[in-house]
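Source file: protein_33.txt (compact mmCIF, C-alpha atoms)
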```txt
# COMPACT_ATOMS: atom_id res chain seq x y z
CA MET C 1198 7.82 -12.51 -29.69
CA GLU C 1199 11.20 -10.88 -30.22
CA ALA C 1200 12.16 -7.92 -28.04
CA LEU C 1201 12.64 -5.79 -31.13
CA ASP C 1202 8.96 -6.26 -32.03
CA PHE C 1203 8.02 -4.74 -28.68
CA GLY C 1204 10.39 -1.80 -29.23
CA ARG C 1205 9.24 -1.17 -32.79
CA THR C 1206 5.62 -1.24 -31.70
CA VAL C 1207 6.24 1.25 -28.90
CA ARG C 1208 8.12 3.52 -31.31
CA ARG C 1209 5.34 3.33 -33.91
CA TRP C 1210 2.66 4.12 -31.33
CA ARG C 1211 4.78 6.92 -29.85
CA ASP C 1212 4.96 8.57 -33.26
CA ARG C 1213 1.18 8.67 -33.61
CA VAL C 1214 0.47 10.34 -30.23
CA THR C 1215 0.35 14.13 -30.44
CA PRO C 1216 1.67 16.14 -27.46
CA GLU C 1217 -1.70 17.88 -27.15
CA ALA C 1218 -3.48 14.54 -26.73
CA VAL C 1219 -1.54 13.75 -23.55
CA GLY C 1220 -1.19 17.27 -22.15
CA VAL C 1221 2.45 17.81 -23.13
CA PRO C 1222 3.40 21.35 -24.25
CA ALA C 1223 4.23 21.16 -27.95
CA GLY C 1224 6.66 24.09 -28.01
CA ARG C 1225 7.70 25.93 -31.15
CA ARG C 1226 10.73 24.03 -32.44
CA ARG C 1227 9.31 20.60 -33.12
CA ARG C 1228 10.10 18.45 -36.14
CA ALA C 1229 7.80 15.47 -35.53
CA SER C 1230 4.13 15.46 -34.64
CA GLY C 1231 4.46 12.55 -32.21
CA LEU C 1232 5.93 12.34 -28.74
CA ARG C 1233 9.64 12.64 -28.12
CA ARG C 1234 11.34 9.81 -26.28
CA GLU C 1235 11.92 11.87 -23.16
CA GLU C 1236 8.27 12.95 -23.15
CA LEU C 1237 6.94 9.40 -23.27
CA ALA C 1238 9.49 8.33 -20.66
CA GLY C 1239 8.36 11.12 -18.35
CA LEU C 1240 4.69 10.21 -18.79
CA ALA C 1241 5.44 6.56 -18.08
CA GLY C 1242 7.74 7.23 -15.13
CA ILE C 1243 10.78 5.50 -16.65
CA SER C 1244 14.13 6.86 -17.75
CA ALA C 1245 14.65 8.05 -21.31
CA ASP C 1246 17.73 5.82 -21.53
CA TYR C 1247 15.69 2.74 -20.64
CA LEU C 1248 13.01 3.65 -23.19
CA THR C 1249 15.73 4.05 -25.82
CA ARG C 1250 17.05 0.58 -25.04
CA LEU C 1251 13.53 -0.86 -25.19
CA GLU C 1252 12.82 0.72 -28.56
CA GLN C 1253 16.14 -0.47 -29.96
CA GLY C 1254 15.69 -4.01 -28.66
CA ARG C 1255 18.66 -3.77 -26.29
CA ALA C 1256 16.43 -4.13 -23.22
CA THR C 1257 14.48 -7.36 -23.57
CA ALA C 1258 12.46 -7.97 -20.41
CA PRO C 1259 10.23 -5.03 -19.46
CA SER C 1260 8.24 -5.70 -16.31
CA ALA C 1261 4.46 -5.78 -16.33
CA GLN C 1262 4.53 -2.47 -14.44
CA VAL C 1263 6.57 -0.85 -17.22
CA VAL C 1264 4.25 -2.28 -19.89
CA GLU C 1265 1.20 -0.91 -18.08
CA ALA C 1266 2.85 2.49 -17.65
CA LEU C 1267 3.67 2.67 -21.38
CA ALA C 1268 0.17 1.54 -22.35
CA ARG C 1269 -1.30 4.23 -20.14
CA ALA C 1270 1.03 6.96 -21.42
CA LEU C 1271 0.32 5.99 -25.04
CA ARG C 1272 -3.46 5.99 -24.39
CA LEU C 1273 -3.79 2.50 -25.84
CA ALA C 1274 -7.13 0.81 -26.42
CA ASP C 1275 -7.70 -2.46 -24.55
CA THR C 1276 -6.81 -4.65 -27.54
CA GLU C 1277 -3.55 -2.73 -28.11
CA ARG C 1278 -2.70 -2.88 -24.41
CA ASP C 1279 -3.19 -6.65 -24.42
CA LEU C 1280 -0.97 -6.92 -27.52
CA LEU C 1281 1.77 -4.91 -25.81
CA TYR C 1282 1.68 -7.29 -22.86
CA ARG C 1283 2.01 -10.28 -25.19
CA LEU C 1284 4.91 -8.67 -27.06
CA ALA C 1285 6.66 -8.23 -23.71
CA GLY C 1286 6.09 -11.88 -22.81
CA HIS C 1287 3.37 -11.24 -20.22
CA ALA C 1288 -0.25 -12.23 -19.94
CA ALA C 1289 -2.60 -9.27 -19.66
CA PRO C 1290 -3.65 -8.72 -16.02
CA GLY C 1291 -6.73 -10.63 -14.90
CA PRO C 1292 -9.33 -9.88 -12.21
CA ASP C 1293 -7.11 -11.36 -9.46
CA VAL C 1294 -4.42 -8.68 -9.98
CA VAL C 1295 -4.55 -5.16 -8.54
CA PRO C 1296 -5.57 -2.99 -11.50
CA SER C 1297 -3.59 0.07 -12.50
CA ARG C 1298 -5.46 0.72 -15.73
CA VAL C 1299 -6.67 4.28 -16.30
CA THR C 1300 -9.67 3.90 -18.58
CA ALA C 1301 -10.50 6.41 -21.30
CA SER C 1302 -13.38 7.85 -19.27
CA VAL C 1303 -11.19 8.37 -16.20
CA GLN C 1304 -8.49 9.89 -18.39
CA ARG C 1305 -11.02 12.39 -19.77
CA LEU C 1306 -11.83 13.37 -16.18
CA LEU C 1307 -8.14 13.85 -15.44
CA ASP C 1308 -7.69 15.89 -18.62
CA ARG C 1309 -10.35 18.31 -17.39
CA LEU C 1310 -8.24 18.80 -14.25
CA SER C 1311 -5.04 19.52 -16.17
CA HIS C 1312 -4.46 22.80 -14.29
CA THR C 1313 -5.17 21.29 -10.86
CA PRO C 1314 -2.72 19.15 -8.84
CA VAL C 1315 -3.89 15.55 -9.21
CA VAL C 1316 -2.22 12.25 -8.31
CA VAL C 1317 -3.56 8.75 -9.00
CA TYR C 1318 -2.70 5.62 -6.99
CA ASP C 1319 -3.74 2.02 -7.40
CA ALA C 1320 -5.18 -0.03 -4.52
CA THR C 1321 -1.68 -0.74 -3.16
CA TRP C 1322 -1.00 3.00 -3.01
CA THR C 1323 1.55 2.70 -5.79
CA LEU C 1324 1.77 5.80 -7.96
CA VAL C 1325 -0.01 5.39 -11.29
CA LEU C 1326 0.36 8.95 -12.53
CA ALA C 1327 0.85 12.50 -11.33
CA ASN C 1328 0.14 15.51 -13.50
CA ALA C 1329 2.46 18.47 -14.01
CA PRO C 1330 0.70 20.74 -11.44
CA TYR C 1331 1.06 17.99 -8.81
CA ASP C 1332 4.79 17.72 -9.49
CA ALA C 1333 5.03 21.51 -9.35
CA LEU C 1334 3.33 21.49 -5.94
CA MET C 1335 4.84 18.39 -4.35
CA GLY C 1336 8.12 17.89 -6.18
CA GLU C 1337 9.13 15.86 -9.22
CA THR C 1338 7.81 12.27 -9.21
CA THR C 1339 9.18 11.10 -12.57
CA ALA C 1340 12.52 10.14 -10.99
CA TRP C 1341 10.88 7.83 -8.44
CA ARG C 1342 11.76 4.20 -9.04
CA GLY C 1343 10.65 0.90 -7.54
CA ARG C 1344 9.35 1.13 -3.98
CA GLU C 1345 9.78 4.91 -4.00
CA ARG C 1346 6.56 5.01 -6.03
CA ASN C 1347 4.56 3.45 -3.19
CA ALA C 1348 2.98 5.87 -0.71
CA VAL C 1349 2.94 3.33 2.13
CA TRP C 1350 6.67 2.78 1.71
CA ARG C 1351 7.39 6.49 1.44
CA ASN C 1352 5.52 7.22 4.64
CA VAL C 1353 6.72 4.39 6.90
CA ALA C 1354 10.28 4.94 5.65
CA ARG C 1355 9.82 8.69 6.27
CA LEU C 1356 11.15 9.69 2.87
CA PRO C 1357 11.29 13.45 2.22
CA SER C 1358 7.91 15.10 1.68
CA ARG C 1359 6.63 18.64 1.37
CA VAL C 1360 3.48 17.78 3.34
CA VAL C 1361 3.62 19.22 6.87
CA HIS C 1362 2.47 16.74 9.54
CA THR C 1363 2.78 16.77 13.30
CA PRO C 1364 4.19 13.49 14.68
CA ARG C 1365 0.66 12.44 15.68
CA GLU C 1366 -0.78 13.29 12.26
CA GLN C 1367 2.03 11.35 10.56
CA ALA C 1368 1.43 8.30 12.76
CA GLU C 1369 -2.30 8.36 12.06
CA HIS C 1370 -1.71 8.79 8.34
CA GLU C 1371 0.59 5.76 8.30
CA ALA C 1372 -1.97 3.70 10.21
CA ARG C 1373 -4.73 4.56 7.72
CA LEU C 1374 -2.53 3.68 4.73
CA VAL C 1375 -1.52 0.31 6.20
CA ALA C 1376 -5.12 -0.49 7.15
CA ASP C 1377 -6.24 0.22 3.60
CA LEU C 1378 -3.43 -1.98 2.25
CA ARG C 1379 -4.66 -4.81 4.49
CA LEU C 1380 -8.09 -4.53 2.86
CA THR C 1381 -6.47 -4.59 -0.57
CA ALA C 1382 -4.58 -7.78 0.35
CA LEU C 1383 -7.90 -9.42 1.25
CA ARG C 1384 -9.40 -8.47 -2.12
CA TYR C 1385 -6.41 -9.68 -4.16
CA PRO C 1386 -4.95 -12.71 -2.34
CA ALA C 1387 -3.45 -14.13 -5.57
CA ASP C 1388 -1.53 -10.99 -6.57
CA ARG C 1389 2.15 -11.95 -6.31
CA ALA C 1390 3.42 -8.36 -6.74
CA LEU C 1391 1.24 -7.30 -3.81
CA ARG C 1392 2.61 -10.12 -1.66
CA ARG C 1393 6.17 -9.05 -2.53
CA LEU C 1394 5.34 -5.47 -1.60
CA ILE C 1395 3.99 -6.52 1.79
CA ALA C 1396 7.01 -8.75 2.43
CA ASP C 1397 9.43 -5.95 1.50
CA LEU C 1398 7.58 -3.48 3.72
CA ALA C 1399 7.58 -5.89 6.66
CA ALA C 1400 11.28 -6.69 6.23
CA GLY C 1401 12.36 -3.09 5.78
CA SER C 1402 10.18 -1.24 8.27
CA PRO C 1403 9.51 -2.21 11.91
CA ARG C 1404 6.85 0.50 11.90
CA PHE C 1405 5.00 -1.22 9.06
CA ALA C 1406 5.27 -4.62 10.73
CA GLU C 1407 3.83 -3.15 13.94
CA LEU C 1408 0.88 -1.59 12.11
CA TRP C 1409 0.28 -4.67 9.94
CA ASP C 1410 -0.03 -6.94 12.98
CA ALA C 1411 -2.05 -4.47 15.07
CA ASP C 1412 -5.50 -5.56 16.24
CA ALA C 1413 -6.79 -2.05 16.87
CA PRO C 1414 -8.71 -0.35 14.02
CA PRO C 1415 -7.08 2.62 12.32
CA PRO C 1416 -7.96 6.13 13.47
CA PRO C 1417 -10.98 7.71 11.75
CA ALA C 1418 -10.46 9.75 8.61
CA GLU C 1419 -9.50 13.38 9.07
CA PRO C 1420 -12.75 15.40 9.07
CA SER C 1421 -11.24 18.53 7.50
CA ARG C 1422 -9.24 16.75 4.76
CA ARG C 1423 -6.87 19.70 4.59
CA LYS C 1424 -3.13 19.53 4.06
CA THR C 1425 -0.36 22.06 4.44
CA ILE C 1426 2.44 21.90 1.88
CA ASP C 1427 5.76 23.63 2.52
CA HIS C 1428 6.69 24.75 -0.99
CA PRO C 1429 10.35 25.82 -1.43
CA ALA C 1430 9.49 28.82 -3.63
CA VAL C 1431 6.19 30.18 -2.29
CA GLY C 1432 6.12 29.01 1.33
CA ARG C 1433 3.35 27.17 3.12
CA ILE C 1434 0.07 26.50 1.32
CA THR C 1435 -2.97 25.01 3.07
CA LEU C 1436 -5.23 23.18 0.62
CA ASP C 1437 -8.35 21.05 0.51
CA CYS C 1438 -7.29 17.47 -0.22
CA ASP C 1439 -10.01 15.16 -1.52
CA THR C 1440 -9.44 11.52 -2.45
CA LEU C 1441 -11.95 10.09 -4.91
CA ILE C 1442 -12.33 6.32 -5.30
CA VAL C 1443 -12.95 4.87 -8.76
CA ALA C 1444 -14.70 1.76 -7.51
CA GLN C 1445 -14.71 -0.37 -10.66
CA ASP C 1446 -11.00 0.25 -11.35
CA ASP C 1447 -9.98 0.40 -7.66
CA LEU C 1448 -8.06 3.63 -8.13
CA ARG C 1449 -7.52 6.52 -5.70
CA ILE C 1450 -7.52 10.00 -7.24
CA THR C 1451 -6.36 12.78 -4.92
CA VAL C 1452 -7.09 16.38 -5.89
CA TYR C 1453 -5.65 19.51 -4.26
CA THR C 1454 -7.63 22.75 -4.44
CA ALA C 1455 -7.88 26.12 -2.70
CA GLU C 1456 -10.86 28.39 -2.15
CA PRO C 1457 -10.85 31.04 -4.91
CA GLY C 1458 -9.75 34.51 -3.91
CA THR C 1459 -7.66 33.39 -0.93
CA ALA C 1460 -3.96 33.79 -0.33
CA ASP C 1461 -3.60 30.00 -0.53
CA ALA C 1462 -5.18 30.05 -4.00
CA ASP C 1463 -2.70 32.71 -5.10
CA ARG C 1464 0.26 30.75 -3.71
CA LEU C 1465 -0.98 27.55 -5.35
CA ALA C 1466 -1.32 29.27 -8.73
CA LEU C 1467 2.19 30.70 -8.40
CA ALA C 1468 3.65 27.32 -7.41
CA VAL C 1469 2.07 25.69 -10.47
CA VAL C 1470 3.36 28.40 -12.80
CA LEU C 1471 6.88 28.24 -11.36
CA GLY C 1472 6.92 24.47 -11.59
CA THR C 1473 5.53 24.08 -15.10
CA GLN C 1474 6.79 27.07 -17.10
CA SER C 1475 10.22 25.49 -17.60
CA LEU C 1476 8.58 22.51 -19.32
CA VAL C 1477 7.82 24.57 -22.42
CA PRO C 1478 10.91 24.69 -24.70
```

I need this file expressed as structure tokens, please.
Amino acid sequence: MEALDFGRTVRRWRDRVTPEAVGVPAGRRRRASGLRREELAGLAGISADYLTRLEQGRATAPSAQVVEALARALRLADTERDLLYRLAGHAAPGPDVVPSRVTASVQRLLDRLSHTPVVVYDATWTLVLANAPYDALMGETTAWRGRERNAVWRNVARLPSRVVHTPREQAEHEARLVADLRLTALRYPADRALRRLIADLAAGSPRFAELWDADAPPPPAEPSRRKTIDHPAVGRITLDCDTLIVAQDDLRITVYTAEPGTADADRLALAVVLGTQSLVP
């Protein structure tokens, strides 16, 4: 298939998706009913310039990760998703590949949490999607590229984070993430992207290599499941942090909430308002 066919198809499907259908504020001054380029790019976690080049046929080799991100952002049915993969020159992922598909039923669940900070990871702890309240709480994720989108990488490389951890808590968190990644590697031994991730982590982080080769089991899960976030505008917020596993799709959905009527709930609400109000033109 020619690259331009892929771009034309993405453009046609972008035009049919209403902002309301994907939780994007429509605003008042809007000429078209479909998504703008920058809106689809933000939902897919790619740059608007790259999406422009894809739609115009000037970028000709989108990765499978980019295709999956566009399929998810466009809310494509399975048959359309498979077609998009073929147009990009890829085979649709099979059962031996770590899934990153957000099914329609899971998407409906996420839509019901549109005012609550929610982030979704695949089984490698690579970011699948983060909603606007999550970005408002934790910082913008749409600019993350490549390995930056992987939580194991971000933690062992100690990239900036608003989550407040003591050194011991950070070490235990890293150990749990690496232990879970080891289990994922056992479930998907044929996934080449997963093998590359593990090789990159081992080459770039002595801490990861140490944890990967460790014989000792990881520390038990935190009983309280609470996290403190140091927000630059509203200060520290302590929240309940619950990670839900979608077993069939092997996804991790983490939800941040506060007990109603508390100061933390008020600070969370303010952080979300401050972080999302500028998105409405």

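Residues lying at most 9 Å from (14.2, -12.0, -21.2) in file coordinates, with all atoms listed in the file considered, are Ala1200, Ala1256, Thr1257, Ala1258, Pro1259, Ala1285 and Gly1286 of chain C.
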
Residues within 7 Å of segment 1366-1381 of chain C, all atoms listed in the file, excluding chain neighbours under 6 positions, as a list of chain:residue names:
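Final neighbour list, sorted by chain and number: C:Ala1320, C:Thr1321, C:Val1349, C:Asn1352, C:Val1353, C:Leu1408, C:Trp1409, C:Pro1415, C:Pro1416.
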
Around (13.0, 5.7, -20.2) in the file's frame, which residues reach within 8 Å when counting only C-alpha atoms? Return as a tab-separated table (two decimals) with C-alpha atoms, in the coordinates of the input?
```tsv
chain	number	residue	atom	x	y	z
C	1234	ARG	CA	11.34	9.81	-26.28
C	1235	GLU	CA	11.92	11.87	-23.16
C	1237	LEU	CA	6.94	9.40	-23.27
C	1238	ALA	CA	9.49	8.33	-20.66
C	1239	GLY	CA	8.36	11.12	-18.35
C	1241	ALA	CA	5.44	6.56	-18.08
C	1242	GLY	CA	7.74	7.23	-15.13
C	1243	ILE	CA	10.78	5.50	-16.65
C	1244	SER	CA	14.13	6.86	-17.75
C	1245	ALA	CA	14.65	8.05	-21.31
C	1246	ASP	CA	17.73	5.82	-21.53
C	1247	TYR	CA	15.69	2.74	-20.64
C	1248	LEU	CA	13.01	3.65	-23.19
C	1249	THR	CA	15.73	4.05	-25.82
```

Residue among C:Gly1336, C:Gly1220, C:Pro1429, C:Gly1291 lying closest to Arg1464 of chain C, counting all atoms listed in the file:
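The answer is C:Pro1429, which sits nearest to Arg1464 of chain C.
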
Hey, which of C:Val1315, C:Ser1402, C:Glu1236, C:Tyr1282 ends up closest to Thr1454 of chain C? Count only C-alpha atoms.
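Among C:Val1315, C:Ser1402, C:Glu1236, C:Tyr1282, it is C:Val1315 that comes nearest to Thr1454 of chain C.
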
With distances taken over all atoms listed in the file, which residue among C:Val1207, C:Ala1333, C:Val1299, C:Val1452 lies nearest Gly1254 of chain C?
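Result for the nearest residue to Gly1254 of chain C: C:Val1207.
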
With distances taken over only C-alpha atoms, which of C:Glu1345, C:Asp1202, C:Asp1319, C:Asp1439 is nearest to Ser1297 of chain C?
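Between C:Glu1345, C:Asp1202, C:Asp1319, C:Asp1439, the residue approaching Ser1297 of chain C most closely is C:Asp1319.
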
I want to know what sits within 9 Å of segment 1309-1312 of chain C, based on only C-alpha atoms, with residues of the same chain fewer than 5 positions away left out; could you give that as number ranges by chain?
C: 1220, 1304, 1328-1330, 1452, 1469

For a quick check of understanding, using all atoms listed in the file, which of C:Ser1260, C:Thr1215, C:Thr1323, C:Ser1302 has the smallest distance to Leu1391 of chain C?
C:Thr1323

Measure the distance from atom CA of Pro1296 of chain C to atom CA of Asp1447 of chain C in Å and round it to one decimal.
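Here the two named atoms are 6.8 Å from each other.
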
Pick out the closest residue to Ile1450 of chain C from this set: C:Leu1356, C:Val1361, C:Leu1465, C:Leu1306. Count all atoms listed in the file.
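Among the listed residues, C:Leu1306 lies closest to Ile1450 of chain C.
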
Could you pull segment 1381-1403 of chain C out of the block above and save it with N, CA and C atoms, as a PDB file, in the first residue's frame?
```pdb
ATOM      1  N   THR C1381       6.022 -10.401  32.696  1.00  0.00           N
ATOM      2  CA  THR C1381       5.546 -10.095  31.345  1.00  0.00           C
ATOM      3  C   THR C1381       6.438 -10.761  30.305  1.00  0.00           C
ATOM      4  N   ALA C1382       7.745 -10.736  30.509  1.00  0.00           N
ATOM      5  CA  ALA C1382       8.681 -11.355  29.571  1.00  0.00           C
ATOM      6  C   ALA C1382       8.445 -12.857  29.474  1.00  0.00           C
ATOM      7  N   LEU C1383       8.033 -13.476  30.571  1.00  0.00           N
ATOM      8  CA  LEU C1383       7.733 -14.910  30.533  1.00  0.00           C
ATOM      9  C   LEU C1383       6.460 -15.188  29.736  1.00  0.00           C
ATOM     10  N   ARG C1384       5.503 -14.273  29.796  1.00  0.00           N
ATOM     11  CA  ARG C1384       4.236 -14.479  29.082  1.00  0.00           C
ATOM     12  C   ARG C1384       4.361 -14.211  27.591  1.00  0.00           C
ATOM     13  N   TYR C1385       5.305 -13.335  27.207  1.00  0.00           N
ATOM     14  CA  TYR C1385       5.430 -12.940  25.801  1.00  0.00           C
ATOM     15  C   TYR C1385       6.875 -13.112  25.317  1.00  0.00           C
ATOM     16  N   PRO C1386       7.375 -14.349  25.306  1.00  0.00           N
ATOM     17  CA  PRO C1386       8.788 -14.555  24.943  1.00  0.00           C
ATOM     18  C   PRO C1386       9.102 -14.208  23.490  1.00  0.00           C
ATOM     19  N   ALA C1387       8.084 -14.159  22.615  1.00  0.00           N
ATOM     20  CA  ALA C1387       8.338 -13.885  21.198  1.00  0.00           C
ATOM     21  C   ALA C1387       8.216 -12.417  20.838  1.00  0.00           C
ATOM     22  N   ASP C1388       7.898 -11.550  21.808  1.00  0.00           N
ATOM     23  CA  ASP C1388       7.685 -10.135  21.511  1.00  0.00           C
ATOM     24  C   ASP C1388       9.044  -9.435  21.352  1.00  0.00           C
ATOM     25  N   ARG C1389       9.365  -9.063  20.113  1.00  0.00           N
ATOM     26  CA  ARG C1389      10.678  -8.462  19.839  1.00  0.00           C
ATOM     27  C   ARG C1389      10.812  -7.071  20.456  1.00  0.00           C
ATOM     28  N   ALA C1390       9.715  -6.289  20.456  1.00  0.00           N
ATOM     29  CA  ALA C1390       9.769  -4.953  21.060  1.00  0.00           C
ATOM     30  C   ALA C1390      10.047  -5.054  22.560  1.00  0.00           C
ATOM     31  N   LEU C1391       9.477  -6.055  23.205  1.00  0.00           N
ATOM     32  CA  LEU C1391       9.725  -6.266  24.630  1.00  0.00           C
ATOM     33  C   LEU C1391      11.180  -6.642  24.866  1.00  0.00           C
ATOM     34  N   ARG C1392      11.730  -7.496  24.018  1.00  0.00           N
ATOM     35  CA  ARG C1392      13.141  -7.869  24.170  1.00  0.00           C
ATOM     36  C   ARG C1392      14.056  -6.655  23.984  1.00  0.00           C
ATOM     37  N   ARG C1393      13.702  -5.778  23.027  1.00  0.00           N
ATOM     38  CA  ARG C1393      14.512  -4.562  22.834  1.00  0.00           C
ATOM     39  C   ARG C1393      14.426  -3.657  24.050  1.00  0.00           C
ATOM     40  N   LEU C1394      13.232  -3.551  24.616  1.00  0.00           N
ATOM     41  CA  LEU C1394      13.068  -2.729  25.822  1.00  0.00           C
ATOM     42  C   LEU C1394      13.954  -3.240  26.944  1.00  0.00           C
ATOM     43  N   ILE C1395      13.936  -4.542  27.177  1.00  0.00           N
ATOM     44  CA  ILE C1395      14.734  -5.123  28.256  1.00  0.00           C
ATOM     45  C   ILE C1395      16.224  -4.911  27.989  1.00  0.00           C
ATOM     46  N   ALA C1396      16.643  -5.088  26.742  1.00  0.00           N
ATOM     47  CA  ALA C1396      18.053  -4.884  26.402  1.00  0.00           C
ATOM     48  C   ALA C1396      18.462  -3.434  26.612  1.00  0.00           C
ATOM     49  N   ASP C1397      17.605  -2.494  26.209  1.00  0.00           N
ATOM     50  CA  ASP C1397      17.916  -1.073  26.396  1.00  0.00           C
ATOM     51  C   ASP C1397      17.989  -0.714  27.875  1.00  0.00           C
ATOM     52  N   LEU C1398      17.064  -1.262  28.658  1.00  0.00           N
ATOM     53  CA  LEU C1398      17.063  -0.995  30.096  1.00  0.00           C
ATOM     54  C   LEU C1398      18.336  -1.546  30.739  1.00  0.00           C
ATOM     55  N   ALA C1399      18.707  -2.766  30.372  1.00  0.00           N
ATOM     56  CA  ALA C1399      19.897  -3.381  30.958  1.00  0.00           C
ATOM     57  C   ALA C1399      21.168  -2.629  30.568  1.00  0.00           C
ATOM     58  N   ALA C1400      21.219  -2.148  29.311  1.00  0.00           N
ATOM     59  CA  ALA C1400      22.404  -1.421  28.847  1.00  0.00           C
ATOM     60  C   ALA C1400      22.495  -0.022  29.439  1.00  0.00           C
ATOM     61  N   GLY C1401      21.349   0.587  29.701  1.00  0.00           N
ATOM     62  CA  GLY C1401      21.349   1.980  30.131  1.00  0.00           C
ATOM     63  C   GLY C1401      21.245   2.198  31.620  1.00  0.00           C
ATOM     64  N   SER C1402      20.929   1.146  32.389  1.00  0.00           N
ATOM     65  CA  SER C1402      20.708   1.331  33.817  1.00  0.00           C
ATOM     66  C   SER C1402      21.308   0.184  34.626  1.00  0.00           C
ATOM     67  N   PRO C1403      22.412   0.427  35.333  1.00  0.00           N
ATOM     68  CA  PRO C1403      22.943  -0.606  36.233  1.00  0.00           C
ATOM     69  C   PRO C1403      21.917  -1.027  37.286  1.00  0.00           C
TER      70      PRO C1403
END
```
